[in-house]
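**Q** First, the structure itself, so that you have it in front of you.
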Amino acid sequence: MLRIALQKSGRLHDDSVALLRDAGIRFGDGTARVLRTVATNFPLEILFLRDDDIPEYVEEGVADVGIVGQNAALEQQKNVLVRESLGFGRCRLCIALPKNAPYDSPADLSGKRIATSYPNILNNWLRTHHIEAEIHTLSGAVEIAPSLGLSDAIFDIVSTGSTLLANGLREVQTVLHSEAVLLEKPGLSDVKQAILERLLFRITANRNARQHRYILLNAPNEKLHDIIALLPGIKSPTVLPLALSGWSSVHSVLPEEVFWDVLEQLKAAGAEGILVTPIERMIM
C-alpha cells in the first residue's frame with residue numbers, strides 16, 4: 001500500500017482531495033479528528049497533515065508521497081523528489097514594498113529589512129543577485145510588518161494581490177512561480193513504485209482531458225484539405241463520409257490554449273455543424 005500525505009486544511013486541501021477522487025479513488029474526508037483514511041478501491045492510505053510538515057514526513061518515510069506547494073518544498077530543503085507538477089494551487093512569491101517606495105531594480109533592496117515566512121527561498125534569490133539585505137523571519141501576518149516598522153519590504157505568497165493593496169503595499173519583484181507538486185521519497189520499493197505509477201497514470205489522464213476538447217464538424221469535401229490542416233489531433237483527425245454526398249464528418253482533439261482561435265479559423269474555412277464536448281479521460 002502506498003501512503004500519501006495531503007493538507008488537512010488550507011488552499012490546497014480541496015483540490016488535492018478532488019485530484020484523487022477524479023482519479024476514481026474512494027475514501028473518507030479528513031477532519032480535525034480524522035487524520036488518516038484508507039481508500040476502499042485502491043491500495044492507498046491517506047494522511048491529512050499540516051502543509052509545512054509534509055516535506056519532512058516524506059523525507060522520513062512516514063509518507064511515501066505528498067502533495068504540497070512547490071514553495072513549501074523549496075523552503076523546507078528536504079531530501080525528496082519533485083515527481084510531478086499538478087497544475088493547481090498556482091501562486092507566485094513576490095517582494096512587495098509600500099506603495100510609494102521607489103523601486104527600479106533588485107539593487108534597490110540592498111540594505112533593506114525584508115519580512116518573510118520563506119527565508120531560504122529569499123536568501124537564495126538575494127545571493128544570486130548579489131544583494132545584501134536583512135531577512136526578518138515571521139510565521140504569519142507578513143503583510144503588516146512594514147506598517148508596524150518591522151521591515152521595509154515583505155516577501156510572501158501572492159494570488160490576487162488584494163491583500164497587498166489592503167495593506168498599502170505593491171508588488172515589485174516576482175521571485176518564484178509556484179503550483180502544487182507531488183513529492184516522492186527517494187528509494188521507494190518496487191511494489192510502492194508500481195502503485196505510484198498507477199496513480200500517476202490516472203492523474204495524467206485526467207489532466208490531459210481537462211486541457212483538451214473533443215470537436216466534431218461537417219466539412220464540404222472540396223474544403224476538407226484546408227480544414228484538416230487546422231486540426232492537429234492526437235495523431236491526425238478522423239474523417240468519415242456523411243450520408244449526404246460531397247460532405248464528410250471530421251473528428252479531432254484540440255488543446256485548450258488554441259481552442260477558440262482554431263474554432264474561428266474552422267468556421268472561416270467552411271466547417272459547419274461544429275460540436276464541442278468535454279473529455280472525461282484522455283490516454284496519450
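Letters for chains follow the order of the C-alpha cells (A, B, ...), residue numbers begin at 1 for each chain, and ligand numbers begin at 1 in the order shown.
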With a distance cut-off of 7 Å and only C-alpha atoms, select the neighbouring residues of Gln7 of chain A, excluding the residue or stretch itself and same-chain residues fewer than 5 positions from it, and output the selection as a compact mmCIF listing (two decimals) with C-alpha atoms, in the first residue's frame.
**A**
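In the end it all went to result30.txt:
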```txt
# COMPACT_ATOMS: atom_id res chain seq x y z
CA LEU A 12 -4.52 23.01 -1.50
CA HIS A 13 -6.77 20.69 0.52
CA PHE A 48 -4.09 14.64 6.43
CA LEU A 49 -1.25 16.77 7.79
CA ARG A 50 -0.10 20.35 8.20
CA ASP A 51 1.30 21.71 4.95
```
**Q** If we count only C-alpha atoms and set the cut-off at 9 Å, which residues sit around Asn100 of chain A, ignoring sequence neighbours fewer than 3 positions away in its own chain? Please answer as number ranges by chain.
**A** A: 97, 168-170
**Q** With C-alpha atoms retained, export the selected residues as a compact mmCIF listing (two decimals), in the first residue's frame.
**A**
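Wrote selection30.txt, looks like this:
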```txt
# COMPACT_ATOMS: atom_id res chain seq x y z
CA LEU A 97 7.15 47.45 -0.92
CA GLY A 168 -0.75 49.66 1.36
CA LEU A 169 1.80 47.52 -0.49
CA ARG A 170 2.64 46.98 -4.13
```
**Q** Please determine, counting only C-alpha atoms, which residue among A:Arg281, A:Arg83, A:Leu35, A:Gly10 has the shortest atom-to-atom distance to Leu182 of chain A.
**A**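 Of A:Arg281, A:Arg83, A:Leu35, A:Gly10, the one nearest Leu182 of chain A is A:Arg83, counting only C-alpha atoms.
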**Q** Per residue of segment 116-215 of chain A within 10 Å of segment 57-78 of chain A, which atom pair is closest and at what distance in Å (one decimal), using only C-alpha atoms, listed by chain and increasing number, as a Markdown table?
**A**
```
| residue | atom | partner | partner_atom | distance |
| --- | --- | --- | --- | --- |
| A:Ser117 | CA | A:Glu75 | CA | 9.1 |
| A:Tyr118 | CA | A:Glu75 | CA | 6.1 |
| A:Pro119 | CA | A:Glu75 | CA | 7.5 |
| A:Asn120 | CA | A:Glu75 | CA | 5.5 |
| A:Ile121 | CA | A:Glu75 | CA | 5.7 |
| A:Leu122 | CA | A:Glu75 | CA | 9.0 |
| A:Ile157 | CA | A:Asn71 | CA | 8.7 |
| A:Leu176 | CA | A:Asn71 | CA | 7.8 |
| A:His177 | CA | A:Asn71 | CA | 8.3 |
| A:Ser178 | CA | A:Gln70 | CA | 5.3 |
| A:Glu179 | CA | A:Gly69 | CA | 5.4 |
| A:Ala180 | CA | A:Gly69 | CA | 4.2 |
| A:Val181 | CA | A:Ile67 | CA | 5.7 |
| A:Leu182 | CA | A:Ile67 | CA | 4.7 |
| A:Leu183 | CA | A:Gly66 | CA | 5.1 |
| A:Glu184 | CA | A:Val65 | CA | 4.4 |
| A:Lys185 | CA | A:Asp64 | CA | 5.5 |
| A:Pro186 | CA | A:Glu59 | CA | 8.0 |
| A:Gly187 | CA | A:Asp64 | CA | 9.7 |
| A:Leu188 | CA | A:Asp64 | CA | 7.3 |
| A:Ser189 | CA | A:Asp64 | CA | 9.8 |
| A:Lys192 | CA | A:Asp64 | CA | 8.1 |
| A:Gln193 | CA | A:Asp64 | CA | 9.4 |
| A:Leu196 | CA | A:Val65 | CA | 8.6 |
```
**Q** Counting only C-alpha atoms, what is within 9 Å of Thr40 of chain A, bar same-chain residues fewer than 2 positions away, as a PyMOL selection string?
**A** chain A and resi 25-27+38+42-44
**Q** Given the choices A:Ser159, A:Thr238, A:Lys8, A:Ile283, which gets closest to Arg210 of chain A if the distance is worked out from only C-alpha atoms?
**A**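 Going through A:Ser159, A:Thr238, A:Lys8, A:Ile283 one by one, the smallest distance to Arg210 of chain A is for A:Ile283.
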**Q** DSSP says strand (DSSP E or B) for which residues of segment 8-171 of chain A? Put them as a tab-separated table (two decimals) with N, CA and C atoms, in the first residue's frame?
**A**
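Output saved as result-v5.tsv:
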```tsv
chain	number	residue	atom	x	y	z
A	36	ARG	N	-6.46	10.25	9.17
A	36	ARG	CA	-5.97	9.11	8.40
A	36	ARG	C	-7.17	8.35	7.86
A	37	THR	N	-7.09	7.96	6.58
A	37	THR	CA	-8.14	7.15	5.99
A	37	THR	C	-7.52	6.23	4.94
A	38	VAL	N	-8.21	5.18	4.60
A	38	VAL	CA	-7.72	4.21	3.62
A	38	VAL	C	-8.71	4.12	2.48
A	44	LEU	N	-4.17	2.63	-1.33
A	44	LEU	CA	-3.70	3.95	-0.95
A	44	LEU	C	-4.18	4.31	0.45
A	45	GLU	N	-3.25	4.69	1.30
A	45	GLU	CA	-3.56	5.23	2.62
A	45	GLU	C	-3.30	6.73	2.58
A	46	ILE	N	-4.22	7.52	3.12
A	46	ILE	CA	-4.15	8.98	3.02
A	46	ILE	C	-4.01	9.57	4.41
A	47	LEU	N	-2.98	10.40	4.58
A	47	LEU	CA	-2.75	11.13	5.81
A	47	LEU	C	-3.07	12.59	5.58
A	48	PHE	N	-3.78	13.23	6.52
A	48	PHE	CA	-4.09	14.64	6.43
A	48	PHE	C	-3.23	15.37	7.46
A	49	LEU	N	-2.27	16.17	6.95
A	49	LEU	CA	-1.25	16.77	7.79
A	49	LEU	C	-1.15	18.27	7.56
A	65	VAL	N	4.63	9.59	-0.48
A	65	VAL	CA	4.49	10.74	-1.37
A	65	VAL	C	3.63	11.78	-0.66
A	66	GLY	N	3.65	13.00	-1.16
A	66	GLY	CA	2.83	14.05	-0.56
A	66	GLY	C	2.57	15.16	-1.56
A	67	ILE	N	1.47	15.84	-1.37
A	67	ILE	CA	1.12	16.97	-2.24
A	67	ILE	C	1.27	18.26	-1.44
A	68	VAL	N	2.14	19.14	-1.92
A	68	VAL	CA	2.38	20.44	-1.28
A	68	VAL	C	2.60	21.48	-2.37
A	69	GLY	N	2.63	22.74	-1.97
A	69	GLY	CA	3.04	23.78	-2.90
A	69	GLY	C	4.53	23.67	-3.15
A	81	LEU	N	12.04	14.07	-3.82
A	81	LEU	CA	11.99	14.30	-5.26
A	81	LEU	C	10.68	14.98	-5.62
A	82	VAL	N	10.73	15.97	-6.49
A	82	VAL	CA	9.51	16.53	-7.06
A	82	VAL	C	9.17	15.67	-8.27
A	83	ARG	N	8.17	14.81	-8.08
A	83	ARG	CA	7.86	13.83	-9.11
A	83	ARG	C	6.97	14.39	-10.21
A	84	GLU	N	6.02	15.26	-9.82
A	84	GLU	CA	5.04	15.72	-10.81
A	84	GLU	C	4.49	17.08	-10.41
A	85	SER	N	4.38	17.98	-11.40
A	85	SER	CA	3.64	19.23	-11.20
A	85	SER	C	2.17	18.94	-11.48
A	91	CYS	N	0.39	30.13	-7.65
A	91	CYS	CA	0.60	31.42	-6.98
A	91	CYS	C	2.01	31.88	-7.33
A	92	ARG	N	2.38	33.00	-6.80
A	92	ARG	CA	3.75	33.48	-7.01
A	92	ARG	C	4.27	34.02	-5.69
A	93	LEU	N	5.57	33.93	-5.50
A	93	LEU	CA	6.24	34.51	-4.34
A	93	LEU	C	6.90	35.80	-4.79
A	94	CYS	N	6.50	36.89	-4.16
A	94	CYS	CA	6.91	38.21	-4.64
A	94	CYS	C	7.46	39.06	-3.51
A	95	ILE	N	8.28	40.01	-3.89
A	95	ILE	CA	8.72	41.06	-2.99
A	95	ILE	C	7.79	42.25	-3.18
A	96	ALA	N	7.33	42.81	-2.08
A	96	ALA	CA	6.43	43.96	-2.13
A	96	ALA	C	6.96	45.06	-1.22
A	97	LEU	N	6.73	46.28	-1.66
A	97	LEU	CA	7.15	47.45	-0.92
A	97	LEU	C	5.94	48.33	-0.63
A	98	PRO	N	6.05	49.25	0.35
A	98	PRO	CA	5.00	50.27	0.49
A	98	PRO	C	4.77	50.96	-0.84
A	113	ARG	N	15.34	45.79	5.17
A	113	ARG	CA	14.86	44.72	6.04
A	113	ARG	C	13.63	44.11	5.36
A	114	ILE	N	13.68	42.79	5.11
A	114	ILE	CA	12.60	42.13	4.38
A	114	ILE	C	11.98	41.07	5.29
A	115	ALA	N	10.69	41.19	5.54
A	115	ALA	CA	9.97	40.22	6.38
A	115	ALA	C	9.41	39.11	5.50
A	116	THR	N	9.50	37.87	5.96
A	116	THR	CA	9.04	36.75	5.15
A	116	THR	C	8.85	35.49	5.99
A	134	GLU	N	18.71	42.40	5.06
A	134	GLU	CA	18.41	41.73	6.33
A	134	GLU	C	17.07	41.00	6.21
A	135	ILE	N	17.09	39.69	6.50
A	135	ILE	CA	15.87	38.90	6.43
A	135	ILE	C	15.28	38.76	7.83
A	136	HIS	N	14.03	39.17	7.96
A	136	HIS	CA	13.32	39.09	9.24
A	136	HIS	C	12.24	38.02	9.10
A	137	THR	N	12.44	36.87	9.75
A	137	THR	CA	11.54	35.74	9.58
A	137	THR	C	10.33	35.85	10.49
A	153	ALA	N	10.23	45.93	3.58
A	153	ALA	CA	9.60	45.22	2.48
A	153	ALA	C	9.15	43.86	2.99
A	154	ILE	N	8.37	43.15	2.17
A	154	ILE	CA	7.98	41.79	2.51
A	154	ILE	C	8.24	40.88	1.32
A	155	PHE	N	8.35	39.58	1.61
A	155	PHE	CA	8.44	38.55	0.58
A	155	PHE	C	7.44	37.48	0.95
A	156	ASP	N	6.40	37.31	0.11
A	156	ASP	CA	5.32	36.43	0.52
A	156	ASP	C	4.58	35.91	-0.71
A	157	ILE	N	3.65	34.96	-0.44
A	157	ILE	CA	2.79	34.41	-1.49
A	157	ILE	C	1.79	35.47	-1.94
A	158	VAL	N	1.60	35.56	-3.25
A	158	VAL	CA	0.60	36.45	-3.83
A	158	VAL	C	-0.26	35.63	-4.77
A	169	LEU	N	0.58	48.03	0.14
A	169	LEU	CA	1.80	47.52	-0.49
A	169	LEU	C	1.59	47.33	-1.98
A	170	ARG	N	2.71	47.28	-2.71
A	170	ARG	CA	2.64	46.98	-4.13
A	170	ARG	C	3.71	45.95	-4.48
A	171	GLU	N	3.38	45.08	-5.36
A	171	GLU	CA	4.30	44.03	-5.82
A	171	GLU	C	5.34	44.63	-6.75
```
**Q** Name the residues of segment 64-246 of chain A that come out as alpha helix (DSSP H) in a backbone DSSP run; write them as an MDAnalysis selection string.
**A** chainID A and resid 70:76 119:128 162:166 190:210 224:229
**Q** Using C-alpha atoms, can you export the residues from the last selection as an mmCIF file, in the first residue's frame?
**A**
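Done, and the output landed in selection-v7.cif:
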```cif
data_model
loop_
_atom_site.group_PDB
_atom_site.id
_atom_site.type_symbol
_atom_site.label_atom_id
_atom_site.label_comp_id
_atom_site.auth_asym_id
_atom_site.auth_seq_id
_atom_site.Cartn_x
_atom_site.Cartn_y
_atom_site.Cartn_z
ATOM 1 C CA GLN A 70 6.341 23.964 -4.718
ATOM 2 C CA ASN A 71 7.163 26.936 -2.491
ATOM 3 C CA ALA A 72 6.873 24.756 0.644
ATOM 4 C CA ALA A 73 9.028 22.041 -0.916
ATOM 5 C CA LEU A 74 11.782 24.510 -1.830
ATOM 6 C CA GLU A 75 11.685 26.267 1.521
ATOM 7 C CA GLN A 76 11.930 23.043 3.543
ATOM 8 C CA PRO A 119 13.762 32.886 4.400
ATOM 9 C CA ASN A 120 15.557 30.101 2.490
ATOM 10 C CA ILE A 121 13.988 30.915 -0.885
ATOM 11 C CA LEU A 122 14.551 34.626 -0.337
ATOM 12 C CA ASN A 123 18.139 34.159 0.820
ATOM 13 C CA ASN A 124 18.967 32.094 -2.276
ATOM 14 C CA TRP A 125 17.479 34.756 -4.542
ATOM 15 C CA LEU A 126 19.338 37.575 -2.772
ATOM 16 C CA ARG A 127 22.638 35.699 -3.077
ATOM 17 C CA THR A 128 22.035 35.070 -6.771
ATOM 18 C CA SER A 162 -5.795 42.141 -2.932
ATOM 19 C CA THR A 163 -4.115 41.537 0.442
ATOM 20 C CA LEU A 164 -1.145 43.647 -0.602
ATOM 21 C CA LEU A 165 -3.396 46.506 -1.670
ATOM 22 C CA ALA A 166 -5.343 46.322 1.587
ATOM 23 C CA ASP A 190 9.263 -1.766 -6.351
ATOM 24 C CA VAL A 191 5.773 -2.508 -5.030
ATOM 25 C CA LYS A 192 5.154 1.077 -3.930
ATOM 26 C CA GLN A 193 6.702 2.464 -7.093
ATOM 27 C CA ALA A 194 4.296 0.351 -9.156
ATOM 28 C CA ILE A 195 1.314 1.716 -7.191
ATOM 29 C CA LEU A 196 2.607 5.262 -7.658
ATOM 30 C CA GLU A 197 2.873 4.715 -11.425
ATOM 31 C CA ARG A 198 -0.755 3.542 -11.463
ATOM 32 C CA LEU A 199 -1.801 6.657 -9.557
ATOM 33 C CA LEU A 200 0.150 8.960 -11.868
ATOM 34 C CA PHE A 201 -1.381 7.253 -14.901
ATOM 35 C CA ARG A 202 -4.845 8.189 -13.646
ATOM 36 C CA ILE A 203 -3.840 11.732 -12.698
ATOM 37 C CA THR A 204 -2.230 12.330 -16.103
ATOM 38 C CA ALA A 205 -5.286 11.015 -17.948
ATOM 39 C CA ASN A 206 -7.490 13.481 -16.064
ATOM 40 C CA ARG A 207 -5.113 16.398 -16.605
ATOM 41 C CA ASN A 208 -4.884 15.673 -20.343
ATOM 42 C CA ALA A 209 -8.680 15.602 -20.521
ATOM 43 C CA ARG A 210 -9.024 18.979 -18.786
ATOM 44 C CA LEU A 224 -11.558 19.174 -46.484
ATOM 45 C CA HIS A 225 -7.835 19.639 -47.027
ATOM 46 C CA ASP A 226 -7.853 23.187 -45.646
ATOM 47 C CA ILE A 227 -9.977 22.203 -42.640
ATOM 48 C CA ILE A 228 -7.826 19.168 -41.764
ATOM 49 C CA ALA A 229 -4.734 21.389 -41.863
#
```
**Q** Report the distance between atom CA of Ser105 of chain A and atom CA of Ile144 of chain A in Å, rounded to one decimal place.
**A** 23.3 Å
**Q** Give me, please, the distance in Å between atom CA of Val262 of chain A and atom CA of Val250 of chain A, quoted to one decimal.
**A**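 Answer for the atom CA of Val262 of chain A to atom CA of Val250 of chain A separation: 14.0 Å.
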**Q** Point out the residue among A:Glu256, A:Leu138, A:Leu6, A:Asn79 with the least atom-to-atom distance to Ser151 of chain A, counting only C-alpha atoms.
**A**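 Comparing A:Glu256, A:Leu138, A:Leu6, A:Asn79 against Ser151 of chain A, the winner is A:Leu138.
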**Q** Give me, please, the distance in Å between atom CA of Ser245 of chain A and atom CA of Glu272 of chain A, quoted to one decimal.
**A**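 Result for atom CA of Ser245 of chain A versus atom CA of Glu272 of chain A: 15.0 Å, one decimal.
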**Q** Of the candidates A:Leu266, A:Ala271, A:Ala145, A:Leu19, which one gets nearest to Gly87 of chain A if we count only C-alpha atoms?
**A**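 Under the stated criterion, the closest residue is A:Leu19.
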